[in-house]
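*Asks:* Before anything else, here's the structure in question.
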Number of protein chains: 2
Amino acid sequence: MATLKDVARESGLTVGTVSRVLNNRGYISEKTRQKVYEVMEELNYQPNEMARSLSKRKSNTIGVIVPHIVHPYFAKMISNLELAAYEHKYKILLFNSKGKEEKEEEYIEMCRSSRVAGVVLCSGNIVTEKFKNLDCPLITFERFIDGGTAGILCDNYQGGVLAAQRLVDGGCRHILHIGGVNEVRMPADDRKTACEKVCRENGVEFWDVDPGQCFYNDMNYYQVIREALKEHPNTDGIFAGSDVIAAQAIQICHENGISVPEQMKIVGFDDVNIASLTIPGITTIRQPVKEMAEAIIKTLESASKGKMVPAQTVFPVTLVVRGSA
Amino acid sequence: MATLKDVARESGLTVGTVSRVLNNRGYISEKTRQKVYEVMEELNYQPNEMARSLSKRKSNTIGVIVPHIVHPYFAKMISNLELAAYEHKYKILLFNSKGKEEKEEEYIEMCRSSRVAGVVLCSGNIVTEKFKNLDCPLITFERFIDGGTAGILCDNYQGGVLAAQRLVDGGCRHILHIGGVNEVRMPADDRKTACEKVCRENGVEFWDVDPGQCFYNDMNYYQVIREALKEHPNTDGIFAGSDVIAAQAIQICHENGISVPEQMKIVGFDDVNIASLTIPGITTIRQPVKEMAEAIIKTLESASKGKMVPAQTVFPVTLVVRGSA
DNA sequence: TAATATATGTCAACCGTTTATCATATAAAA
DNA sequence: TTTTATATGATAAACGGTTGACATATATTA
């Protein structure tokens, strides 16, 4: 493959001059610039990013580590991250940690090795020390990381309030909350707190179930939902931790002859594609994923330039009404 | 960040020796090896991949260019590609072309710039020349690329046969095929061909509709499906180009008071998560995505080592029966 | 005319590795 | 004892760029 030297030789210029053209440095005449571009085209030259990054001591690559790729929320986030990254001239290195601490650590090390400009992480674990010597910004979303540079999340508490309010307003008296995640303390816990509070204030019964490893277990929540409904048979409202859970809850209601939303109201979370593919559609709490993704990339870029960035950025959520509640 | 030199100095060895340890070259005593590992740990050393790749003139990065990330089929493929890549010590650079030719070309150039070990592409376009000077293997899946090194796909024809057979066996007499893609000639066309043939052989009426830009238009096929059903009101069997289309078809049947599968049988394609989230579940043609992803990475690796690889690898599909047909 | 802005050249160090060559020293095998 | 295998050092070029210092030449402006 052609190198800078080849371009220089072919255009009768020096590497210095060609490099100047490439990096818009110093004085360059329009004629020379044209000539260089011409030769580059002719030789099908593409600058070697490795050499460039090595020399400049910084890459334009961002490491994205998520616990799940297929899950529609993460797929949506990844898609928006890719777009935002593209607009900021970054490339995305994608890693699937499956929520395993070892893989997370390994991927963090791979990011270090690749000298990424920053890491975007949604971690299932809180291994603060491991991130201490990550010499680039670490932006997290929807999870807490003590050692992180900044965190972007949605207003989970408000989401819980909106969901609970919707259920209560619809007449529910026995609400079941099915969390979407199963680990230690994380932002999503606020949804439960909020939901519980609204229930209490309205004299509505509140239950909570922990779906355990369902998230990683191929997103199979059926068993958990069935058991929860068996244990709390008078449930008339479900606040699901994700639209996937909500979809499965709708199925289970259907198989049990419980009509949604008449006998059972269901509110999901995220507002991903699947929310509009079920019958009835899922009334859900919408996360502004696009805006969050943009904030993540912008924060990362600012931080990588040494600028001060807010430790936390919280985005508002909205209730999207469909048929399920 | 610590460099090889730092490790060498700190361990009282030379860079040559340390490099030998790192790359398992030449003679190294166990004692020295331990010492080096120890110091690396101590200094939190991670080899600079850019320098490494530059020196070795090859990277361990693979560029993956897809037209859609959120679409469950691609999300599934990306997830499996990431896993297979990981197992082969590769990293994934992810790009979303949105099916736009300009973006595809730009991403290809970015891959060249990054000196990727290979490119995995699902292209909406057939711009042969653009790939001519891509000096690394180009593996495509589910699309034709003349200039490509190799193509991995599923047996679309067989899929069409299985789907049509299922519908015909179920008693359908008027079958509608809704393609999942809208571009020029591509492998998925074989599904239609096969379906049409089976219909003809069984004296069953066959129609076909082209969903146009629905795929990129947020996967919104509703309008197309509604119009198709209006135009062909006696349709009693639908062969959808993807499970997403099938899910939407189920919704439309529901809103029109057409019961599935009693009055309308629907067969999808892909067998992604959503196929089991609808009511009824989607009877579909399963693509062995995991195996295909592994084949893609293996083929890429072989090709990058200069080995001869099959120009095409076709994977068998299977019928997965759920409730919709 | 002198000063300055513009445009390019020359040269070399540097980024952090890999790898090859040659030298040297010790330990094990012939 | 000589040969050979093992283990490391010293040195330097190469990978493909970036960047800075300095020189030089022309064009423009004061």
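Starting from 1 in every chain, residues are counted up; chains themselves are A, B, ... following the order of the structure tokens, and ligands are numbered from 1 as listed.
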Which residues are close to Glu205 in chain B, i.e. within 8 Å by only C-alpha atoms (C1' of nucleotides), leaving aside same-chain residues fewer than 2 positions away? Reply as a VMD selection string.
*Replies:* chain B and resid 173 to 175 199 to 200 203 207
*Asks:* Would you list which chain D residues are within 10 Å of chain A using only C-alpha atoms (C1' of nucleotides), as a short mmCIF file (atom, residue, chain, number, x, y, z; two decimals) with N, CA and C atoms (P, O5', C5', C4', C3', O3' and C1' of nucleotides), in the first residue's frame?
*Replies:*
```cif
data_model
loop_
_atom_site.label_atom_id
_atom_site.label_comp_id
_atom_site.auth_asym_id
_atom_site.auth_seq_id
_atom_site.Cartn_x
_atom_site.Cartn_y
_atom_site.Cartn_z
P DC D 15 10.26 -0.23 6.01
"O5'" DC D 15 8.86 -0.24 6.75
"C5'" DC D 15 8.38 -1.38 7.44
"C4'" DC D 15 7.32 -0.93 8.40
"C3'" DC D 15 6.64 0.36 7.98
"O3'" DC D 15 5.45 0.06 7.29
"C1'" DC D 15 7.13 0.30 10.34
P DG D 16 5.15 0.80 5.88
"O5'" DG D 16 4.59 2.21 6.39
"C5'" DG D 16 3.37 2.22 7.09
"C4'" DG D 16 3.15 3.59 7.66
"C3'" DG D 16 3.29 4.73 6.64
"O3'" DG D 16 2.26 5.67 6.88
"C1'" DG D 16 4.62 5.17 8.49
P DG D 17 1.73 6.58 5.71
"O5'" DG D 17 1.18 7.83 6.52
"C5'" DG D 17 2.05 8.86 6.92
"C4'" DG D 17 2.02 8.98 8.41
"C3'" DG D 17 2.19 10.41 8.89
"O3'" DG D 17 0.93 10.91 9.29
"C1'" DG D 17 3.73 8.91 9.98
P DT D 18 0.78 12.48 9.42
"O5'" DT D 18 1.69 12.84 10.68
"C5'" DT D 18 1.23 12.52 11.98
"C4'" DT D 18 2.10 13.24 12.99
"C3'" DT D 18 2.08 14.77 12.87
"O3'" DT D 18 1.90 15.27 14.18
"C1'" DT D 18 4.32 13.97 12.80
P DT D 19 1.43 16.76 14.39
"O5'" DT D 19 2.80 17.47 14.76
"C5'" DT D 19 3.66 16.84 15.70
"C4'" DT D 19 5.04 17.46 15.62
"C3'" DT D 19 5.04 18.96 15.31
"O3'" DT D 19 5.63 19.61 16.41
"C1'" DT D 19 6.69 17.80 14.07
#
```
*Asks:* Would you kindly report the residues of chain A within 7 Å of chain B, using only C-alpha atoms, as a list in words?
*Replies:*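 Going by the stated atoms only, the list reads Gln46, Pro47, Asn48, Glu49, Met50, Ala51, Leu54, Ile69, Val70, Pro72, Ala75, Lys76, Ser79, Glu82, Lys91, Ile92, Leu93, Leu94, Phe95, Arg112, Ser113, Ser114, Arg115, Ala247, Gln248, Gln251, Leu277, Thr278 and Ile279 of chain A.
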*Asks:* What does the file look like for those residues with N, CA and C atoms, as a JSON list (two decimals), in the first residue's frame?
*Replies:*
```json
[["chain", "number", "residue", "atom", "x", "y", "z"],
["A", 46, "GLN", "N", -4.13, 6.02, 1.44],
["A", 46, "GLN", "CA", -4.89, 6.24, 2.67],
["A", 46, "GLN", "C", -3.88, 6.29, 3.80],
["A", 47, "PRO", "N", -3.85, 7.39, 4.53],
["A", 47, "PRO", "CA", -2.88, 7.48, 5.63],
["A", 47, "PRO", "C", -3.01, 6.32, 6.60],
["A", 48, "ASN", "N", -1.90, 5.85, 7.07],
["A", 48, "ASN", "CA", -1.88, 4.75, 8.04],
["A", 48, "ASN", "C", -2.22, 5.29, 9.42],
["A", 49, "GLU", "N", -3.42, 4.95, 9.86],
["A", 49, "GLU", "CA", -3.89, 5.47, 11.14],
["A", 49, "GLU", "C", -3.03, 5.02, 12.32],
["A", 50, "MET", "N", -2.44, 3.85, 12.20],
["A", 50, "MET", "CA", -1.63, 3.35, 13.30],
["A", 50, "MET", "C", -0.41, 4.25, 13.46],
["A", 51, "ALA", "N", 0.24, 4.53, 12.35],
["A", 51, "ALA", "CA", 1.43, 5.38, 12.39],
["A", 51, "ALA", "C", 1.04, 6.77, 12.89],
["A", 54, "LEU", "N", 0.15, 6.65, 16.55],
["A", 54, "LEU", "CA", 1.38, 6.42, 17.31],
["A", 54, "LEU", "C", 2.14, 7.72, 17.46],
["A", 69, "ILE", "N", -25.51, -7.23, 23.34],
["A", 69, "ILE", "CA", -25.64, -6.51, 22.07],
["A", 69, "ILE", "C", -27.03, -6.70, 21.50],
["A", 70, "VAL", "N", -27.55, -7.90, 21.64],
["A", 70, "VAL", "CA", -28.84, -8.22, 21.03],
["A", 70, "VAL", "C", -30.01, -7.51, 21.73],
["A", 72, "PRO", "N", -32.55, -5.07, 22.70],
["A", 72, "PRO", "CA", -32.90, -3.91, 21.89],
["A", 72, "PRO", "C", -32.46, -2.56, 22.47],
["A", 75, "ALA", "N", -28.79, -2.41, 21.57],
["A", 75, "ALA", "CA", -28.64, -2.29, 20.13],
["A", 75, "ALA", "C", -28.92, -0.85, 19.72],
["A", 76, "LYS", "N", -29.96, -0.30, 20.31],
["A", 76, "LYS", "CA", -30.32, 1.08, 20.01],
["A", 76, "LYS", "C", -29.24, 2.05, 20.47],
["A", 79, "SER", "N", -26.18, 1.73, 18.22],
["A", 79, "SER", "CA", -26.45, 2.37, 16.94],
["A", 79, "SER", "C", -26.30, 3.88, 17.04],
["A", 82, "GLU", "N", -22.68, 4.87, 17.57],
["A", 82, "GLU", "CA", -21.91, 4.79, 16.32],
["A", 82, "GLU", "C", -22.14, 6.07, 15.52],
["A", 91, "LYS", "N", -14.17, 6.30, 15.68],
["A", 91, "LYS", "CA", -14.60, 4.97, 15.31],
["A", 91, "LYS", "C", -14.93, 4.18, 16.57],
["A", 92, "ILE", "N", -15.76, 3.18, 16.41],
["A", 92, "ILE", "CA", -16.22, 2.41, 17.57],
["A", 92, "ILE", "C", -15.63, 1.01, 17.59],
["A", 93, "LEU", "N", -14.96, 0.70, 18.68],
["A", 93, "LEU", "CA", -14.53, -0.68, 18.92],
["A", 93, "LEU", "C", -15.56, -1.28, 19.85],
["A", 94, "LEU", "N", -16.25, -2.31, 19.38],
["A", 94, "LEU", "CA", -17.36, -2.85, 20.17],
["A", 94, "LEU", "C", -17.00, -4.13, 20.93],
["A", 95, "PHE", "N", -17.34, -4.15, 22.20],
["A", 95, "PHE", "CA", -17.07, -5.32, 23.03],
["A", 95, "PHE", "C", -18.32, -5.75, 23.80],
["A", 112, "ARG", "N", -7.04, -0.20, 26.64],
["A", 112, "ARG", "CA", -5.80, 0.47, 27.00],
["A", 112, "ARG", "C", -4.74, 0.18, 25.95],
["A", 113, "SER", "N", -4.67, -1.09, 25.56],
["A", 113, "SER", "CA", -3.70, -1.51, 24.57],
["A", 113, "SER", "C", -3.90, -0.78, 23.25],
["A", 114, "SER", "N", -5.15, -0.60, 22.92],
["A", 114, "SER", "CA", -5.47, 0.07, 21.65],
["A", 114, "SER", "C", -5.35, 1.58, 21.77],
["A", 115, "ARG", "N", -5.01, 2.04, 22.96],
["A", 115, "ARG", "CA", -4.86, 3.48, 23.19],
["A", 115, "ARG", "C", -6.07, 4.25, 22.70],
["A", 247, "ALA", "N", -43.19, -7.29, 27.14],
["A", 247, "ALA", "CA", -43.71, -8.13, 26.05],
["A", 247, "ALA", "C", -43.97, -9.54, 26.55],
["A", 248, "GLN", "N", -43.06, -10.04, 27.35],
["A", 248, "GLN", "CA", -43.23, -11.40, 27.87],
["A", 248, "GLN", "C", -44.38, -11.46, 28.86],
["A", 251, "GLN", "N", -47.55, -11.76, 27.00],
["A", 251, "GLN", "CA", -47.74, -13.14, 26.54],
["A", 251, "GLN", "C", -48.29, -14.03, 27.63],
["A", 277, "LEU", "N", -44.52, -3.47, 18.61],
["A", 277, "LEU", "CA", -44.75, -4.68, 17.81],
["A", 277, "LEU", "C", -45.67, -5.69, 18.49],
["A", 278, "THR", "N", -46.01, -5.42, 19.74],
["A", 278, "THR", "CA", -46.87, -6.36, 20.46],
["A", 278, "THR", "C", -48.33, -5.97, 20.32],
["A", 279, "ILE", "N", -49.19, -6.87, 20.77],
["A", 279, "ILE", "CA", -50.62, -6.59, 20.79],
["A", 279, "ILE", "C", -51.11, -6.81, 22.21]]
```
*Asks:* Quick one: which residues from chain C are at most 8 Å off chain B, using only C-alpha atoms (C1' of nucleotides), as an MDAnalysis selection string?
*Replies:* chainID C and resid 15:18
*Asks:* Ranking D:DT29, D:DT24, D:DT11, D:DT3 by minimum distance to DA20 in chain C and counting only C-alpha atoms (C1' of nucleotides), which one comes first?
*Replies:*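 Of D:DT29, D:DT24, D:DT11, D:DT3, the one nearest DA20 in chain C is D:DT11, counting only C-alpha atoms (C1' of nucleotides).
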*Asks:* Which of range 138-188 of chain A end up as alpha helix (DSSP H) when DSSP is run on this backbone - answer as an MDAnalysis selection string?
*Replies:* chainID A and resid 156:169
*Asks:* From a DSSP calculation on the backbone, collect every residue of range 24-99 of chain B in strand (DSSP E or B) and output the set as a list in words.
*Replies:* Thr61, Ile62, Gly63, Val64, Ile65, Val66, Lys91, Ile92, Leu93, Leu94, Phe95 and Asn96 of chain B
*Asks:* If you measure from CA of Ile225 in chain B to CA of Gln287 in chain B, what distance in Å do you get, rounded to one decimal?
*Replies:*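 CA of Gln287 in chain B lies 23.5 Å from CA of Ile225 in chain B.
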*Asks:* Rounded to one decimal place, report the CA of Glu201 in chain A-CA of Lys230 in chain A distance in Å.
*Replies:*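 Interatomic distance, CA of Glu201 in chain A to CA of Lys230 in chain A: 25.8 Å.
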*Asks:* For range 294-308 of chain A, work out the shell of residues within 9 Å, counting only C-alpha atoms (C1' of nucleotides) and skipping chain neighbours fewer than 4 positions away, then give it as a list in words.
*Replies:*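 Here the qualifying residues turn out to be Ile62, Asn80, Leu81, Leu83, Ala84, Ala85, His88, Tyr90, Ala117, Gly118, Val119, Val120, Cys136, Pro137, Leu138, Ile139, Thr140, Phe141, Thr149, Ala150, Gly151, Ile152, Val289, Lys290 and Thr313 of chain A.
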*Asks:* Would you mind listing what lies within 8 Å of Gly160 in chain A as a short mmCIF file (atom, residue, chain, number, x, y, z; two decimals) with C-alpha atoms, in the first residue's frame, with only C-alpha atoms (C1' of nucleotides) counted and same-chain residues fewer than 6 positions away left out?
*Replies:*
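Output below, filename around-v7.cif:
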```
data_model
loop_
_atom_site.label_atom_id
_atom_site.label_comp_id
_atom_site.auth_asym_id
_atom_site.auth_seq_id
_atom_site.Cartn_x
_atom_site.Cartn_y
_atom_site.Cartn_z
CA ASP A 190 -34.63 4.44 41.67
CA ARG A 191 -37.50 3.26 39.51
CA LYS A 192 -38.52 0.85 42.17
CA THR A 193 -38.13 3.42 44.91
CA ALA A 194 -40.26 5.89 43.00
CA CYS A 195 -42.90 3.33 42.11
#
```
*Asks:* If I take CA of Cys122 in chain B and CA of Val267 in chain B, how far is one from the other in Å, to one decimal?
*Replies:* 23.8 Å
*Asks:* Which is closest to DC22 in chain C among D:DA14, D:DA21, D:DG9, D:DA30, if we use only C-alpha atoms (C1' of nucleotides)?
*Replies:*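 Answer, going by the shortest atom-to-atom distance: D:DG9.
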*Asks:* Env of range 7-13 of chain C: 10 Å cut, atoms = only C-alpha atoms (C1' of nucleotides), seq-sep filter 5 positions within chain, self excluded. Answer as a list in words.
*Replies:* Leu13, Thr14, Val15, Gly16, Thr17, Gly26, Tyr27, Ile28, Ser29 and Thr32 of chain A; DT19, DG20, DA21, DC22, DA23, DT24, DA25, DT26 and DA27 of chain D
